[in-house]
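Q: Would you mind keeping the following structure in view while I ask a few things?
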Amino acid sequence: MAIIPAFTELTRPYWESARAGRLVVQQCRSCGRIWHPPLPACPHCHGTGIGWREVSGGGTVYSYTVVRHATHAALADRVPYVIAIVQLAEGPRIVTGITGCAPSDVRAGMPVRVRFDAVTEEVTLPYFEPAPGD
Amino acid sequence: MIRREVAVAGIGQTEYGKALPGTAWDLAIEAAARALADAGIDPADVDGMCRFAPPFETVSEPMLVRALGIRELTFFAEAPLGGEALGAVIAHGAAAITAGLARVVLVYRAISQSKGGRFGRADRGGPAGLAGAGQAGAAADVVVAEEENRSFAWPYGLMSPGQLFALWARRYASVYGLSDEDLTRALGSIAITQRRYANANPAAMMRDRKLDWETYRNARMISEPLRLFDLCLENDGACALVLTSAAMARTLRDDPVYVLSATQTLSPYREPMGIYTDDLIELFPPAAAERLFDGAGLASGDIDVAEFYDATSFMPLRSLESYGFVPDGQAWRYVADVGTGPDSPLPVNTHGGHLSEAYLHGMNGVLEAVRQLRGTACNQVAGAETALVGAPAGSAVILAR
């Protein structure tokens, strides 16, 4: 039982990019600034010409928690798992999970890089794992 | 200016419990009737109503108007965003009274987590009362509708307030350099102190349950660094209060409690469940705290007792700093060394709070503040003249004798 996002007009490009193995954030075509999560207009210059920009996939753990108690039946087989807020190298933060290491090895400030986990045929979730060489 | 123009003329509450027999409607009626009786006001004469907006509050204005036999409401308003509504419902009611839109404003919050959604379970109602979310069959995928960026969080298992505040607590620890043990000492100090208050409060759900350090530390980890007793209770119950002009309140009783200020705030991603704030540190924005104290004409040092919103033990910890009672980054030492107990400079959550009295979305904290200022609290702070009731995200109230 996977927990998957419903796609909306606004969020579909994010999830379709993830399925193609690309991590993207919104970018204003007028002022060039980027942000996440998606918005219908640029919060800086109010431009409505919004594109998507691929980011490097590198970042650091801004905060995290190791969840040991399932708050949804769909999580019963997943605990313990790590929820993290990752600060992307380009600036925006995203909510994600950390895999590829023991939950007890996760630290704030730890360098991480994106990995893509297909959870259904249609949905791939960007997760993060310790950056190579760290 | 609200300051001393509006007063709390009456308070009322139901029993608090895991699973009370009545519906939220029953509970709201009971609390409202008690608050009106406490104020000495005929329910028919209520002409204003303020409540937490749906999906949180399920008892509507028409339901209460019918059930209480209210003649006519001339003002009613709803405040959104869960706990953030706490300061707002009082601010809106006070504004209506000072503007002459209503004379008697009933404020209420009724919760039935046994019959409605459990805040700690995303598949049984969920934190925002999302009935139906994730209730698909065992084999089916759970599809998360996009609302307030939830579709970017739930797939990763970030579904409950406890998990979100675990992220806040961890961020606090990394910004101020706390070890796991430092954080445990700080959070445990709050949980244990509040439990002691609850042990002396007959209305508290945890009145008969002692909590010592061994029990606290050995309790299961829910979402690190938060253990079982760092998280609020899930329960049924209702609270209500009656606001009137200060002049009217003085004709009704000898001990009206005055509203000095009440705030509501919203900035980008500063809503209570917002994850993408600039810092994940400013639980209560400094500008809102300044407005709160300026409105009251007081400074933090003038406050005698505080009832801080505590969905988790982290929130009172950081609230001590956010409102300026303790310098930034020092509350973790302060709560362990000085504490927030009966003999401390600032007793906090003297009813036991959401951790140990009951969870009423902050409204039970308002009622406790009123009792403290009337001099009728179970854990009475001697001579208390001013009280601050804090809610998340820039919503708060200062009350005074």
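Note on naming: chains are A, B, ... as they come in the structure tokens, residues start from 1 per chain, ligands start from 1 in the order shown.
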Any idea what's packed within 9 Å of Ala89 of chain A, counting only C-alpha atoms, ignoring anything in its chain fewer than 3 positions away? Could you give it as a CSV table (one decimal) with N, CA and C atoms, in the first residue's frame?
A:
```csv
chain,number,residue,atom,x,y,z
A,55,VAL,N,17.4,20.8,-10.8
A,55,VAL,CA,18.4,21.2,-9.8
A,55,VAL,C,19.4,20.0,-9.7
A,56,SER,N,20.5,20.3,-9.0
A,56,SER,CA,21.7,19.4,-9.1
A,56,SER,C,21.3,18.0,-8.3
A,57,GLY,N,20.4,18.1,-7.4
A,57,GLY,CA,20.1,16.9,-6.6
A,57,GLY,C,20.9,16.8,-5.4
A,58,GLY,N,21.8,17.7,-5.2
A,58,GLY,CA,22.6,17.8,-3.9
A,58,GLY,C,22.0,18.7,-2.9
A,59,GLY,N,22.3,18.4,-1.6
A,59,GLY,CA,21.7,19.3,-0.6
A,59,GLY,C,22.2,18.8,0.8
A,60,THR,N,21.7,19.4,1.8
A,60,THR,CA,22.1,19.0,3.2
A,60,THR,C,20.8,18.8,4.0
A,92,PRO,N,16.1,26.2,-2.2
A,92,PRO,CA,14.8,25.8,-1.7
A,92,PRO,C,14.9,24.6,-0.8
```
Q: At a cut-off of 6 Å, using only C-alpha atoms, what residues contact segment 115-132 of chain A? Leave out same-chain residues fewer than 4 positions from it and give the result as a list of chain:residue names.
A: A:Ala18, A:Arg19, A:Thr96, A:Gly97, A:Ile98, A:Thr99, A:Gly100, A:Pro111
Q: With only C-alpha atoms counted and 8 Å as the cut-off, give the residues of chain A in contact with chain B, each with its shortest interatomic distance in Å and the pair that gives it, as a Markdown table.
A:
```
| residue | atom | partner | partner_atom | distance |
| --- | --- | --- | --- | --- |
| A:Met1 | CA | B:Asp141 | CA | 4.9 |
| A:Ala2 | CA | B:Asp141 | CA | 4.9 |
| A:Ile3 | CA | B:Val142 | CA | 4.6 |
| A:Ile4 | CA | B:Val143 | CA | 5.0 |
| A:Pro5 | CA | B:Ser151 | CA | 4.7 |
| A:Ala6 | CA | B:Ala145 | CA | 5.1 |
| A:Phe7 | CA | B:Glu146 | CA | 7.4 |
| A:Thr8 | CA | B:Glu146 | CA | 7.2 |
| A:Pro37 | CA | B:Asn149 | CA | 7.1 |
| A:Tyr62 | CA | B:Arg171 | CA | 7.2 |
| A:Ser63 | CA | B:Arg171 | CA | 5.3 |
| A:Tyr64 | CA | B:Leu167 | CA | 5.4 |
| A:Thr65 | CA | B:Glu224 | CA | 5.3 |
| A:Val66 | CA | B:Glu224 | CA | 5.2 |
| A:Val67 | CA | B:Ser223 | CA | 4.2 |
| A:Arg68 | CA | B:Ile222 | CA | 5.2 |
| A:His69 | CA | B:Ile222 | CA | 4.9 |
| A:Thr71 | CA | B:Arg121 | CA | 4.7 |
| A:His72 | CA | B:Asp123 | CA | 5.1 |
| A:Ala73 | CA | B:Asp123 | CA | 6.8 |
| A:Ala74 | CA | B:Val142 | CA | 7.7 |
| A:Leu75 | CA | B:Gly157 | CA | 6.9 |
| A:Ile83 | CA | B:Tyr156 | CA | 6.5 |
| A:Ala84 | CA | B:Leu167 | CA | 7.7 |
| A:Arg93 | CA | B:Tyr276 | CA | 6.9 |
| A:Ile94 | CA | B:Tyr276 | CA | 7.8 |
| A:Val95 | CA | B:Ala153 | CA | 5.9 |
| A:Thr96 | CA | B:Tyr156 | CA | 5.9 |
| A:Gly97 | CA | B:Tyr156 | CA | 5.9 |
| A:Ala108 | CA | B:Ser174 | CA | 6.8 |
| A:Leu125 | CA | B:Pro155 | CA | 8.0 |
```
Q: Could you write those residues out with C-alpha atoms, as a PDB file, in the first residue's frame?
A:
```pdb
ATOM      1  CA  MET A   1       0.000   0.000   0.000  1.00  0.00           C
ATOM      2  CA  ALA A   2       1.798   3.095  -1.248  1.00  0.00           C
ATOM      3  CA  ILE A   3       0.994   6.639  -0.230  1.00  0.00           C
ATOM      4  CA  ILE A   4       1.033   8.694  -3.404  1.00  0.00           C
ATOM      5  CA  PRO A   5       0.299  12.300  -4.350  1.00  0.00           C
ATOM      6  CA  ALA A   6      -2.684  13.234  -6.464  1.00  0.00           C
ATOM      7  CA  PHE A   7      -1.425  15.245  -9.414  1.00  0.00           C
ATOM      8  CA  THR A   8      -2.845  18.693 -10.031  1.00  0.00           C
ATOM      9  CA  PRO A  37       6.631  24.046  -3.294  1.00  0.00           C
ATOM     10  CA  TYR A  62      18.103  20.811   7.434  1.00  0.00           C
ATOM     11  CA  SER A  63      16.124  18.849  10.000  1.00  0.00           C
ATOM     12  CA  TYR A  64      14.936  15.290  10.381  1.00  0.00           C
ATOM     13  CA  THR A  65      13.036  12.914  12.599  1.00  0.00           C
ATOM     14  CA  VAL A  66      13.156   9.155  12.935  1.00  0.00           C
ATOM     15  CA  VAL A  67       9.530   8.054  13.083  1.00  0.00           C
ATOM     16  CA  ARG A  68       8.969   4.955  15.196  1.00  0.00           C
ATOM     17  CA  HIS A  69       5.196   5.083  15.588  1.00  0.00           C
ATOM     18  CA  THR A  71       0.270   7.317  12.276  1.00  0.00           C
ATOM     19  CA  HIS A  72      -1.382   5.674   9.282  1.00  0.00           C
ATOM     20  CA  ALA A  73      -2.073   2.027   8.474  1.00  0.00           C
ATOM     21  CA  ALA A  74      -0.026   2.448   5.306  1.00  0.00           C
ATOM     22  CA  LEU A  75       3.036   3.244   7.422  1.00  0.00           C
ATOM     23  CA  ILE A  83      11.405  12.228   7.452  1.00  0.00           C
ATOM     24  CA  ALA A  84      13.744  15.027   6.495  1.00  0.00           C
ATOM     25  CA  ARG A  93      13.880  23.194   0.901  1.00  0.00           C
ATOM     26  CA  ILE A  94      11.869  20.064   0.255  1.00  0.00           C
ATOM     27  CA  VAL A  95      10.197  17.504   2.456  1.00  0.00           C
ATOM     28  CA  THR A  96      11.582  14.062   1.749  1.00  0.00           C
ATOM     29  CA  GLY A  97      12.878  10.899   3.322  1.00  0.00           C
ATOM     30  CA  ALA A 108      21.515  17.559  10.725  1.00  0.00           C
ATOM     31  CA  LEU A 125       9.255   9.883  -5.158  1.00  0.00           C
TER      32      LEU A 125
END
```
Q: Could you go through segment 11-165 of chain B and tell me which residues DSSP, when run on the backbone, assigns to helix (DSSP H, G or I), listing them as a VMD selection string?
A: chain B and resid 24 to 39 43 to 45 61 to 68 82 to 98 150 to 152 154 to 156 161 to 165
Q: Just give me the gap between atom CA of Tyr269 of chain B and atom CA of Trp35 of chain A in Å, one decimal is fine.
A: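 Those two atoms sit 12.6 Å apart.
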